[in-house]
file work_29.tsv (TSV, C-alpha atoms)
chain	number	residue	atom	x	y	z
Y	1	ILE	CA	21.70	31.06	-16.42
Y	2	ARG	CA	18.34	31.38	-18.16
Y	3	GLU	CA	17.13	28.15	-16.51
Y	4	ILE	CA	18.35	29.34	-13.10
Y	5	CYS	CA	16.59	32.67	-13.55
Y	6	ARG	CA	13.39	30.99	-14.73
Y	7	ARG	CA	13.29	28.72	-11.69
Y	8	ALA	CA	14.18	31.56	-9.32
Y	9	ASP	CA	11.83	33.99	-11.04
Y	10	ALA	CA	14.78	36.37	-11.48
Y	11	ASN	CA	15.92	38.64	-14.28
Y	12	VAL	CA	18.83	37.37	-16.42
Y	13	ALA	CA	20.18	40.91	-16.75
Y	14	ALA	CA	20.24	41.26	-12.95
Y	15	ILE	CA	22.34	38.10	-12.65
Y	16	HIS	CA	24.81	39.39	-15.23
Y	17	TYR	CA	24.90	42.79	-13.52
Y	18	HIS	CA	25.47	41.49	-9.98
Y	19	PHE	CA	27.55	38.37	-10.65
Y	20	GLY	CA	28.89	38.62	-14.20
Y	21	ASP	CA	28.60	34.94	-15.05
Y	22	LYS	CA	27.35	31.57	-13.82
Y	23	LYS	CA	30.64	30.71	-12.08
Y	24	ARG	CA	30.51	33.86	-9.96
Y	25	LEU	CA	26.85	33.22	-9.14
Y	26	TYR	CA	27.74	29.67	-8.08
Y	27	THR	CA	30.61	30.97	-5.94
Y	28	ALA	CA	28.32	33.57	-4.36
Y	29	ILE	CA	25.88	30.83	-3.34
Y	30	PHE	CA	28.60	29.01	-1.42
Y	31	ASP	CA	29.95	32.25	0.06
Y	32	THR	CA	26.51	33.22	1.34
Y	33	VAL	CA	25.71	29.80	2.78
Y	34	PHE	CA	29.02	29.31	4.54
Y	35	THR	CA	29.12	32.86	5.88
Y	36	LEU	CA	25.66	32.45	7.41
Y	37	LEU	CA	26.52	29.04	8.86
Y	38	HIS	CA	29.77	30.28	10.38
Y	39	GLU	CA	28.08	33.33	11.94
Y	40	ARG	CA	25.39	31.10	13.39
Y	41	ARG	CA	27.85	28.55	14.78
Y	42	THR	CA	30.28	31.02	16.31
Y	43	SER	CA	27.47	32.79	18.14
Y	44	PHE	CA	26.84	29.48	19.97
Y	45	LEU	CA	30.48	28.47	20.43
Y	46	PRO	CA	32.07	30.45	23.27
Y	47	ALA	CA	35.86	30.15	23.15
Y	48	ASP	CA	36.13	30.18	26.94
Y	49	ALA	CA	33.82	27.17	27.46
Y	50	PRO	CA	35.40	23.81	28.35
Y	51	PRO	CA	36.38	21.77	25.28
Y	52	GLN	CA	33.78	19.07	26.05
Y	53	GLU	CA	31.03	21.71	25.92
Y	54	ARG	CA	32.48	23.28	22.77
Y	55	LEU	CA	32.55	19.86	21.09
Y	56	ARG	CA	28.88	19.28	21.92
Y	57	ILE	CA	27.94	22.69	20.54
Y	58	TYR	CA	30.01	22.09	17.41
Y	59	ILE	CA	28.29	18.73	16.82
Y	60	ARG	CA	24.83	20.25	17.36
Y	61	ALA	CA	25.55	23.13	15.01
Y	62	LEU	CA	26.81	20.79	12.31
Y	63	PHE	CA	23.77	18.52	12.63
Y	64	GLU	CA	21.45	21.53	12.44
Y	65	GLU	CA	23.33	22.99	9.48
Y	66	ILE	CA	23.21	19.73	7.55
Y	67	PHE	CA	19.62	18.88	8.44
Y	68	CYS	CA	18.40	22.48	8.18
Y	69	GLY	CA	17.43	23.15	11.76
Y	70	ASP	CA	15.55	26.21	10.51
Y	71	GLY	CA	12.85	23.89	9.13
Y	72	ASP	CA	13.02	25.03	5.49
Y	73	GLU	CA	12.97	21.59	3.85
Y	74	ARG	CA	12.96	22.93	0.27
Y	75	ARG	CA	16.00	25.10	0.92
Y	76	CYS	CA	17.73	22.18	2.62
Y	77	THR	CA	17.12	19.94	-0.40
Y	78	GLN	CA	18.49	22.59	-2.76
Y	79	LEU	CA	21.61	23.20	-0.68
Y	80	SER	CA	22.19	19.46	-0.35
Y	81	ALA	CA	21.97	19.04	-4.12
Y	82	ILE	CA	24.52	21.80	-4.70
Y	83	TYR	CA	26.86	20.41	-2.05
Y	84	LEU	CA	26.64	16.82	-3.32
Y	85	MET	CA	27.19	17.93	-6.92
Y	86	GLU	CA	30.32	19.80	-5.88
Y	87	MET	CA	31.60	16.74	-3.97
Y	88	ALA	CA	30.88	14.44	-6.93
Y	89	ARG	CA	32.42	16.76	-9.52
Y	90	PRO	CA	34.66	19.30	-7.80
Y	91	THR	CA	35.21	22.58	-9.56
Y	92	GLU	CA	37.72	25.32	-8.85
Y	93	VAL	CA	35.03	26.82	-6.61
Y	94	LEU	CA	35.69	24.04	-4.08
Y	95	ASP	CA	39.29	25.23	-3.63
Y	96	ARG	CA	38.01	28.68	-2.76
Y	97	VAL	CA	35.27	27.36	-0.46
Y	98	VAL	CA	37.82	25.26	1.42
Y	99	ALA	CA	40.28	28.14	1.72
Y	100	ASP	CA	37.74	30.82	2.60
Y	101	HIS	CA	35.26	28.88	4.73
Y	102	MET	CA	35.89	25.23	5.53
Y	103	ARG	CA	39.47	25.63	6.71
Y	104	GLN	CA	38.32	28.05	9.42
Y	105	ASP	CA	35.66	25.60	10.62
Y	106	ALA	CA	38.14	22.71	10.52
Y	107	GLU	CA	40.67	24.70	12.57
Y	108	GLU	CA	37.93	25.39	15.10
Y	109	LEU	CA	37.29	21.66	15.48
Y	110	TYR	CA	41.04	20.89	15.55
Y	111	ASN	CA	41.43	23.32	18.47
Y	112	ILE	CA	38.61	21.63	20.38
Y	113	VAL	CA	39.89	18.10	19.72
Y	114	GLY	CA	43.48	19.14	20.43
Y	115	ALA	CA	42.44	20.49	23.82
Y	116	LEU	CA	40.64	17.22	24.58
Y	117	LEU	CA	43.62	15.10	23.49
Y	118	GLY	CA	46.10	17.11	25.52
Y	119	GLU	CA	49.58	18.39	24.89
Y	120	ALA	CA	51.05	15.01	23.95
Y	121	SER	CA	48.82	14.76	20.86
Y	122	THR	CA	50.17	15.04	17.35
Y	123	LYS	CA	48.73	17.08	14.51
Y	124	ASP	CA	47.88	13.86	12.63
Y	125	LYS	CA	46.02	12.45	15.65
Y	126	VAL	CA	44.03	15.69	16.01
Y	127	ILE	CA	43.10	15.65	12.31
Y	128	ASP	CA	42.09	11.96	12.37
Y	129	CYS	CA	40.01	12.30	15.54
Y	130	SER	CA	38.33	15.40	14.10
Y	131	ALA	CA	37.54	13.51	10.90
Y	132	SER	CA	35.95	10.76	12.99
Y	133	VAL	CA	33.66	13.28	14.69
Y	134	VAL	CA	32.54	14.82	11.40
Y	135	GLY	CA	32.34	11.41	9.73
Y	136	GLN	CA	29.69	10.25	12.17
Y	137	ILE	CA	27.50	13.22	11.30
Y	138	LEU	CA	28.08	12.88	7.56
Y	139	TYR	CA	27.06	9.22	7.78
Y	140	TYR	CA	23.57	10.25	8.87
Y	141	TYR	CA	23.45	12.82	6.08
Y	142	GLN	CA	24.78	10.76	3.20
Y	143	ALA	CA	23.26	7.41	4.18
Y	144	GLU	CA	19.85	8.69	5.27
Y	145	PRO	CA	18.02	6.94	2.37
Y	146	ILE	CA	19.67	3.65	3.34
Y	147	ILE	CA	19.13	4.17	7.09
Y	148	SER	CA	15.41	4.83	6.53
Y	149	ARG	CA	15.09	1.59	4.58
Y	150	LEU	CA	17.12	-0.49	7.01
Y	151	HIS	CA	15.16	0.84	9.98
Y	152	PRO	CA	11.74	2.00	8.71
Y	153	ASP	CA	10.35	1.81	12.26
Y	154	ARG	CA	12.69	4.54	13.51
Y	155	PRO	CA	11.87	8.24	13.12
Y	156	PRO	CA	13.78	10.15	10.41
Y	157	VAL	CA	17.17	11.55	11.36
Y	158	ALA	CA	15.89	15.13	11.37
Y	159	GLN	CA	13.42	14.16	14.12
Y	160	ARG	CA	16.15	12.56	16.26
Y	161	ILE	CA	18.72	15.36	16.25
Y	162	ASP	CA	18.83	15.75	20.06
Y	163	ASP	CA	19.44	12.03	20.60
Y	164	LEU	CA	21.99	11.87	17.79
Y	165	VAL	CA	23.89	14.91	19.06
Y	166	ASP	CA	24.15	13.25	22.46
Y	167	HIS	CA	25.20	9.93	20.91
Y	168	VAL	CA	27.87	11.40	18.60
Y	169	TRP	CA	29.16	13.63	21.41
Y	170	ARG	CA	29.51	10.76	23.91
Y	171	PHE	CA	30.94	8.39	21.31
Y	172	SER	CA	33.45	11.03	20.20
Y	173	LEU	CA	34.51	11.85	23.76
Y	174	GLY	CA	35.08	8.12	24.39
Y	175	GLY	CA	37.11	7.74	21.23
Y	176	ILE	CA	39.17	10.86	21.92
Y	177	ASP	CA	39.71	9.72	25.50
Y	178	GLY	CA	40.98	6.40	24.14
Y	179	HIS	CA	43.58	8.28	22.09
Y	180	ARG	CA	44.66	10.71	24.81
Y	181	GLY	CA	48.35	10.46	25.50
Y	182	GLN	CA	49.03	8.19	22.51
Y	183	LEU	CA	51.44	9.38	19.87

call {"tool": "encode", "arguments": {"input": "work_29.tsv", "output": "structure tokens"}}
result
Amino acid sequence: IREICRRADANVAAIHYHFGDKKRLYTAIFDTVFTLLHERRTSFLPADAPPQERLRIYIRALFEEIFCGDGDERRCTQLSAIYLMEMARPTEVLDRVVADHMRQDAEELYNIVGALLGEASTKDKVIDCSASVVGQILYYYQAEPIISRLHPDRPPVAQRIDDLVDHVWRFSLGGIDGHRGQL
């Protein structure tokens, strides 16, 4: 906690007062981040829009969340480090984050994909197609150092968000369309 406070120029006593311990501080970081992201996404995701439009908005929001569409590169790097550490070495905080935040976002995507697949779709098909949508976006996030070395002539991912949103959206719609009506 002392190291965290030193780097954040914060008072150790204030951390103990507001959060109690390092675990609660760590949990509060995730709570704050995911609450802000959800509020931002839902303000752009009208429930009455056609599912194709909702999918495009969902993809854009996820790209912007992951690549910090607000332009704060330092904050983005810090959040990425926390996220990747939790994925590499999950703690009990991950269970809470999934239950309190990620499940709601996943259900949102399942509803969109389910509407695109139609009534004949199965829950497993909806989950797998949804994972394929998110997987495309996560590829650009997790493999960015490799992508930049494989294709040094191309602009960085963060500078190609509009093109990538369109690509992932069209590719996803084609894949979902290919699964429509299959059990």

call {"tool": "residues_around", "arguments": {"input": "work_29.tsv", "residues": "region 155-171 of chain Y", "least_positions_apart": "4", "cutoff": "9 Å", "atoms": "all atoms listed in the file", "output": "ChimeraX atom specification"}}
result
/Y:52,55-57,59-60,63-64,67-69,133,136-137,140-141,144,147-148,151,175-176

call {"tool": "residues_around", "arguments": {"input": "work_29.tsv", "residues": "Tyr110 (chain Y)", "least_positions_apart": "3", "cutoff": "8 Å", "atoms": "only C-alpha atoms", "output": "VMD selection string"}}
result
chain Y and resid 106 to 107 113 to 114 126 to 127 130

call {"tool": "residues_around", "arguments": {"input": "work_29.tsv", "residues": "region 78-89 of chain Y", "least_positions_apart": "3", "cutoff": "10 Å", "atoms": "only C-alpha atoms", "output": "list in words"}}
result
Tyr26, Ile29, Phe30, Val33, Ile66, Phe67, Cys68, Glu73, Arg74, Arg75, Glu92, Val93, Leu94, Tyr141 and Gln142 of chain Y

call {"tool": "closest_residue", "arguments": {"input": "work_29.tsv", "among": "Y:Glu53, Y:Arg96, Y:Ala8, Y:His38", "to": "Arg24 (chain Y)", "atoms": "all atoms listed in the file"}}
result
Y:Arg96

call {"tool": "residues_around", "arguments": {"input": "work_29.tsv", "residues": "Asn111 (chain Y)", "least_positions_apart": "6", "cutoff": "12 Å", "atoms": "all atoms listed in the file", "output": "PyMOL selection string"}}
result
chain Y and resi 47+50-52+54-55+58+104-105+117-119+121+123+126-127+129-130

call {"tool": "closest_residue", "arguments": {"input": "work_29.tsv", "among": "Y:Val97, Y:Ile112, Y:Ala131, Y:Ile1", "to": "Lys23 (chain Y)", "atoms": "all atoms listed in the file"}}
result
Y:Ile1

call {"tool": "closest_residue", "arguments": {"input": "work_29.tsv", "among": "Y:Pro145, Y:His179, Y:Thr77, Y:Asp21", "to": "Ala120 (chain Y)", "atoms": "all atoms listed in the file"}}
result
Y:His179

call {"tool": "atom_distance", "arguments": {"input": "work_29.tsv", "atom1": "CA of Arg103 (chain Y)", "atom2": "CA of Val134 (chain Y)"}}
result
13.7 Å

call {"tool": "atom_distance", "arguments": {"input": "work_29.tsv", "atom1": "CA of Leu138 (chain Y)", "atom2": "CA of Thr32 (chain Y)"}}
result
21.3 Å

call {"tool": "closest_residue", "arguments": {"input": "work_29.tsv", "among": "Y:Leu116, Y:Val12, Y:Ala61, Y:Val98", "to": "Thr27 (chain Y)", "atoms": "all atoms listed in the file"}}
result
Y:Val98

call {"tool": "decode", "arguments": {"input": "work_29.tsv", "residues": "region 52-89 of chain Y", "atoms": "N, CA, C and O atoms", "output": "PDB file, in the first residue's frame"}}
result
ATOM      1  N   GLN Y  52     -28.485  -5.337 -35.615  1.00  0.00           N
ATOM      2  CA  GLN Y  52     -27.273  -5.066 -36.387  1.00  0.00           C
ATOM      3  C   GLN Y  52     -26.610  -3.766 -35.905  1.00  0.00           C
ATOM      4  O   GLN Y  52     -25.392  -3.700 -35.736  1.00  0.00           O
ATOM      5  N   GLU Y  53     -27.438  -2.755 -35.685  1.00  0.00           N
ATOM      6  CA  GLU Y  53     -26.946  -1.458 -35.194  1.00  0.00           C
ATOM      7  C   GLU Y  53     -26.396  -1.596 -33.774  1.00  0.00           C
ATOM      8  O   GLU Y  53     -25.353  -1.040 -33.449  1.00  0.00           O
ATOM      9  N   ARG Y  54     -27.103  -2.326 -32.931  1.00  0.00           N
ATOM     10  CA  ARG Y  54     -26.651  -2.527 -31.550  1.00  0.00           C
ATOM     11  C   ARG Y  54     -25.321  -3.267 -31.521  1.00  0.00           C
ATOM     12  O   ARG Y  54     -24.450  -2.960 -30.707  1.00  0.00           O
ATOM     13  N   LEU Y  55     -25.134  -4.236 -32.431  1.00  0.00           N
ATOM     14  CA  LEU Y  55     -23.864  -4.960 -32.489  1.00  0.00           C
ATOM     15  C   LEU Y  55     -22.731  -4.001 -32.868  1.00  0.00           C
ATOM     16  O   LEU Y  55     -21.658  -4.025 -32.260  1.00  0.00           O
ATOM     17  N   ARG Y  56     -22.971  -3.168 -33.838  1.00  0.00           N
ATOM     18  CA  ARG Y  56     -21.934  -2.202 -34.267  1.00  0.00           C
ATOM     19  C   ARG Y  56     -21.562  -1.273 -33.112  1.00  0.00           C
ATOM     20  O   ARG Y  56     -20.379  -1.006 -32.869  1.00  0.00           O
ATOM     21  N   ILE Y  57     -22.546  -0.793 -32.397  1.00  0.00           N
ATOM     22  CA  ILE Y  57     -22.298   0.100 -31.262  1.00  0.00           C
ATOM     23  C   ILE Y  57     -21.549  -0.636 -30.161  1.00  0.00           C
ATOM     24  O   ILE Y  57     -20.619  -0.094 -29.555  1.00  0.00           O
ATOM     25  N   TYR Y  58     -21.942  -1.877 -29.910  1.00  0.00           N
ATOM     26  CA  TYR Y  58     -21.255  -2.683 -28.893  1.00  0.00           C
ATOM     27  C   TYR Y  58     -19.781  -2.858 -29.261  1.00  0.00           C
ATOM     28  O   TYR Y  58     -18.895  -2.695 -28.420  1.00  0.00           O
ATOM     29  N   ILE Y  59     -19.508  -3.191 -30.510  1.00  0.00           N
ATOM     30  CA  ILE Y  59     -18.133  -3.393 -30.983  1.00  0.00           C
ATOM     31  C   ILE Y  59     -17.335  -2.094 -30.851  1.00  0.00           C
ATOM     32  O   ILE Y  59     -16.212  -2.093 -30.349  1.00  0.00           O
ATOM     33  N   ARG Y  60     -17.922  -0.981 -31.274  1.00  0.00           N
ATOM     34  CA  ARG Y  60     -17.228   0.311 -31.155  1.00  0.00           C
ATOM     35  C   ARG Y  60     -16.923   0.625 -29.693  1.00  0.00           C
ATOM     36  O   ARG Y  60     -15.796   1.016 -29.361  1.00  0.00           O
ATOM     37  N   ALA Y  61     -17.901   0.450 -28.839  1.00  0.00           N
ATOM     38  CA  ALA Y  61     -17.691   0.762 -27.423  1.00  0.00           C
ATOM     39  C   ALA Y  61     -16.583  -0.104 -26.834  1.00  0.00           C
ATOM     40  O   ALA Y  61     -15.736   0.396 -26.083  1.00  0.00           O
ATOM     41  N   LEU Y  62     -16.560  -1.369 -27.184  1.00  0.00           N
ATOM     42  CA  LEU Y  62     -15.533  -2.257 -26.650  1.00  0.00           C
ATOM     43  C   LEU Y  62     -14.147  -1.867 -27.172  1.00  0.00           C
ATOM     44  O   LEU Y  62     -13.180  -1.829 -26.409  1.00  0.00           O
ATOM     45  N   PHE Y  63     -14.048  -1.562 -28.455  1.00  0.00           N
ATOM     46  CA  PHE Y  63     -12.766  -1.087 -28.997  1.00  0.00           C
ATOM     47  C   PHE Y  63     -12.318   0.172 -28.261  1.00  0.00           C
ATOM     48  O   PHE Y  63     -11.150   0.296 -27.878  1.00  0.00           O
ATOM     49  N   GLU Y  64     -13.232   1.123 -28.083  1.00  0.00           N
ATOM     50  CA  GLU Y  64     -12.862   2.382 -27.432  1.00  0.00           C
ATOM     51  C   GLU Y  64     -12.499   2.170 -25.968  1.00  0.00           C
ATOM     52  O   GLU Y  64     -11.595   2.827 -25.450  1.00  0.00           O
ATOM     53  N   GLU Y  65     -13.205   1.257 -25.302  1.00  0.00           N
ATOM     54  CA  GLU Y  65     -12.869   0.963 -23.909  1.00  0.00           C
ATOM     55  C   GLU Y  65     -11.471   0.367 -23.809  1.00  0.00           C
ATOM     56  O   GLU Y  65     -10.664   0.775 -22.982  1.00  0.00           O
ATOM     57  N   ILE Y  66     -11.189  -0.599 -24.658  1.00  0.00           N
ATOM     58  CA  ILE Y  66      -9.911  -1.297 -24.600  1.00  0.00           C
ATOM     59  C   ILE Y  66      -8.759  -0.394 -25.037  1.00  0.00           C
ATOM     60  O   ILE Y  66      -7.687  -0.414 -24.448  1.00  0.00           O
ATOM     61  N   PHE Y  67      -8.991   0.411 -26.058  1.00  0.00           N
ATOM     62  CA  PHE Y  67      -7.925   1.262 -26.573  1.00  0.00           C
ATOM     63  C   PHE Y  67      -8.051   2.701 -26.094  1.00  0.00           C
ATOM     64  O   PHE Y  67      -7.485   3.615 -26.690  1.00  0.00           O
ATOM     65  N   CYS Y  68      -8.792   2.892 -25.002  1.00  0.00           N
ATOM     66  CA  CYS Y  68      -8.917   4.189 -24.341  1.00  0.00           C
ATOM     67  C   CYS Y  68      -9.241   5.305 -25.319  1.00  0.00           C
ATOM     68  O   CYS Y  68      -8.414   6.180 -25.595  1.00  0.00           O
ATOM     69  N   GLY Y  69     -10.449   5.255 -25.826  1.00  0.00           N
ATOM     70  CA  GLY Y  69     -10.924   6.264 -26.761  1.00  0.00           C
ATOM     71  C   GLY Y  69     -10.895   7.667 -26.200  1.00  0.00           C
ATOM     72  O   GLY Y  69     -11.018   8.628 -26.939  1.00  0.00           O
ATOM     73  N   ASP Y  70     -10.692   7.798 -24.872  1.00  0.00           N
ATOM     74  CA  ASP Y  70     -10.629   9.137 -24.290  1.00  0.00           C
ATOM     75  C   ASP Y  70      -9.253   9.780 -24.469  1.00  0.00           C
ATOM     76  O   ASP Y  70      -9.049  10.928 -24.122  1.00  0.00           O
ATOM     77  N   GLY Y  71      -8.298   9.011 -25.012  1.00  0.00           N
ATOM     78  CA  GLY Y  71      -6.984   9.566 -25.334  1.00  0.00           C
ATOM     79  C   GLY Y  71      -5.980   9.591 -24.199  1.00  0.00           C
ATOM     80  O   GLY Y  71      -4.850  10.021 -24.386  1.00  0.00           O
ATOM     81  N   ASP Y  72      -6.338   9.122 -23.013  1.00  0.00           N
ATOM     82  CA  ASP Y  72      -5.409   9.126 -21.881  1.00  0.00           C
ATOM     83  C   ASP Y  72      -4.548   7.867 -21.945  1.00  0.00           C
ATOM     84  O   ASP Y  72      -4.886   6.832 -21.377  1.00  0.00           O
ATOM     85  N   GLU Y  73      -3.417   7.965 -22.642  1.00  0.00           N
ATOM     86  CA  GLU Y  73      -2.575   6.791 -22.882  1.00  0.00           C
ATOM     87  C   GLU Y  73      -1.982   6.221 -21.587  1.00  0.00           C
ATOM     88  O   GLU Y  73      -1.883   5.013 -21.417  1.00  0.00           O
ATOM     89  N   ARG Y  74      -1.606   7.084 -20.658  1.00  0.00           N
ATOM     90  CA  ARG Y  74      -1.036   6.612 -19.388  1.00  0.00           C
ATOM     91  C   ARG Y  74      -2.068   5.804 -18.600  1.00  0.00           C
ATOM     92  O   ARG Y  74      -1.788   4.727 -18.097  1.00  0.00           O
ATOM     93  N   ARG Y  75      -3.281   6.327 -18.526  1.00  0.00           N
ATOM     94  CA  ARG Y  75      -4.354   5.631 -17.828  1.00  0.00           C
ATOM     95  C   ARG Y  75      -4.640   4.295 -18.496  1.00  0.00           C
ATOM     96  O   ARG Y  75      -4.832   3.276 -17.847  1.00  0.00           O
ATOM     97  N   CYS Y  76      -4.652   4.291 -19.827  1.00  0.00           N
ATOM     98  CA  CYS Y  76      -4.908   3.075 -20.579  1.00  0.00           C
ATOM     99  C   CYS Y  76      -3.853   2.019 -20.268  1.00  0.00           C
ATOM    100  O   CYS Y  76      -4.172   0.846 -20.049  1.00  0.00           O
ATOM    101  N   THR Y  77      -2.594   2.421 -20.218  1.00  0.00           N
ATOM    102  CA  THR Y  77      -1.508   1.491 -19.908  1.00  0.00           C
ATOM    103  C   THR Y  77      -1.670   0.920 -18.503  1.00  0.00           C
ATOM    104  O   THR Y  77      -1.494  -0.279 -18.284  1.00  0.00           O
ATOM    105  N   GLN Y  78      -2.025   1.757 -17.560  1.00  0.00           N
ATOM    106  CA  GLN Y  78      -2.212   1.303 -16.183  1.00  0.00           C
ATOM    107  C   GLN Y  78      -3.376   0.319 -16.075  1.00  0.00           C
ATOM    108  O   GLN Y  78      -3.261  -0.727 -15.428  1.00  0.00           O
ATOM    109  N   LEU Y  79      -4.498   0.650 -16.700  1.00  0.00           N
ATOM    110  CA  LEU Y  79      -5.655  -0.246 -16.653  1.00  0.00           C
ATOM    111  C   LEU Y  79      -5.352  -1.567 -17.349  1.00  0.00           C
ATOM    112  O   LEU Y  79      -5.759  -2.632 -16.883  1.00  0.00           O
ATOM    113  N   SER Y  80      -4.631  -1.505 -18.449  1.00  0.00           N
ATOM    114  CA  SER Y  80      -4.257  -2.730 -19.161  1.00  0.00           C
ATOM    115  C   SER Y  80      -3.389  -3.618 -18.290  1.00  0.00           C
ATOM    116  O   SER Y  80      -3.559  -4.834 -18.262  1.00  0.00           O
ATOM    117  N   ALA Y  81      -2.453  -3.010 -17.580  1.00  0.00           N
ATOM    118  CA  ALA Y  81      -1.566  -3.786 -16.707  1.00  0.00           C
ATOM    119  C   ALA Y  81      -2.356  -4.478 -15.604  1.00  0.00           C
ATOM    120  O   ALA Y  81      -2.119  -5.659 -15.306  1.00  0.00           O
ATOM    121  N   ILE Y  82      -3.300  -3.772 -15.017  1.00  0.00           N
ATOM    122  CA  ILE Y  82      -4.130  -4.365 -13.958  1.00  0.00           C
ATOM    123  C   ILE Y  82      -4.971  -5.503 -14.523  1.00  0.00           C
ATOM    124  O   ILE Y  82      -5.051  -6.590 -13.945  1.00  0.00           O
ATOM    125  N   TYR Y  83      -5.581  -5.271 -15.665  1.00  0.00           N
ATOM    126  CA  TYR Y  83      -6.426  -6.286 -16.304  1.00  0.00           C
ATOM    127  C   TYR Y  83      -5.613  -7.537 -16.649  1.00  0.00           C
ATOM    128  O   TYR Y  83      -6.003  -8.662 -16.342  1.00  0.00           O
ATOM    129  N   LEU Y  84      -4.462  -7.337 -17.301  1.00  0.00           N
ATOM    130  CA  LEU Y  84      -3.643  -8.481 -17.709  1.00  0.00           C
ATOM    131  C   LEU Y  84      -3.109  -9.249 -16.509  1.00  0.00           C
ATOM    132  O   LEU Y  84      -3.028 -10.488 -16.546  1.00  0.00           O
ATOM    133  N   MET Y  85      -2.761  -8.552 -15.440  1.00  0.00           N
ATOM    134  CA  MET Y  85      -2.303  -9.233 -14.223  1.00  0.00           C
ATOM    135  C   MET Y  85      -3.423 -10.097 -13.643  1.00  0.00           C
ATOM    136  O   MET Y  85      -3.192 -11.235 -13.238  1.00  0.00           O
ATOM    137  N   GLU Y  86      -4.624  -9.580 -13.652  1.00  0.00           N
ATOM    138  CA  GLU Y  86      -5.753 -10.349 -13.118  1.00  0.00           C
ATOM    139  C   GLU Y  86      -6.049 -11.554 -14.004  1.00  0.00           C
ATOM    140  O   GLU Y  86      -6.430 -12.616 -13.512  1.00  0.00           O
ATOM    141  N   MET Y  87      -5.880 -11.430 -15.306  1.00  0.00           N
ATOM    142  CA  MET Y  87      -6.100 -12.569 -16.212  1.00  0.00           C
ATOM    143  C   MET Y  87      -5.006 -13.616 -16.036  1.00  0.00           C
ATOM    144  O   MET Y  87      -5.267 -14.818 -16.083  1.00  0.00           O
ATOM    145  N   ALA Y  88      -3.766 -13.162 -15.811  1.00  0.00           N
ATOM    146  CA  ALA Y  88      -2.644 -14.090 -15.659  1.00  0.00           C
ATOM    147  C   ALA Y  88      -2.676 -14.814 -14.315  1.00  0.00           C
ATOM    148  O   ALA Y  88      -2.347 -16.005 -14.234  1.00  0.00           O
ATOM    149  N   ARG Y  89      -3.083 -14.093 -13.279  1.00  0.00           N
ATOM    150  CA  ARG Y  89      -3.144 -14.662 -11.929  1.00  0.00           C
ATOM    151  C   ARG Y  89      -4.454 -14.248 -11.266  1.00  0.00           C
ATOM    152  O   ARG Y  89      -4.470 -13.322 -10.450  1.00  0.00           O
TER     153      ARG Y  89
END
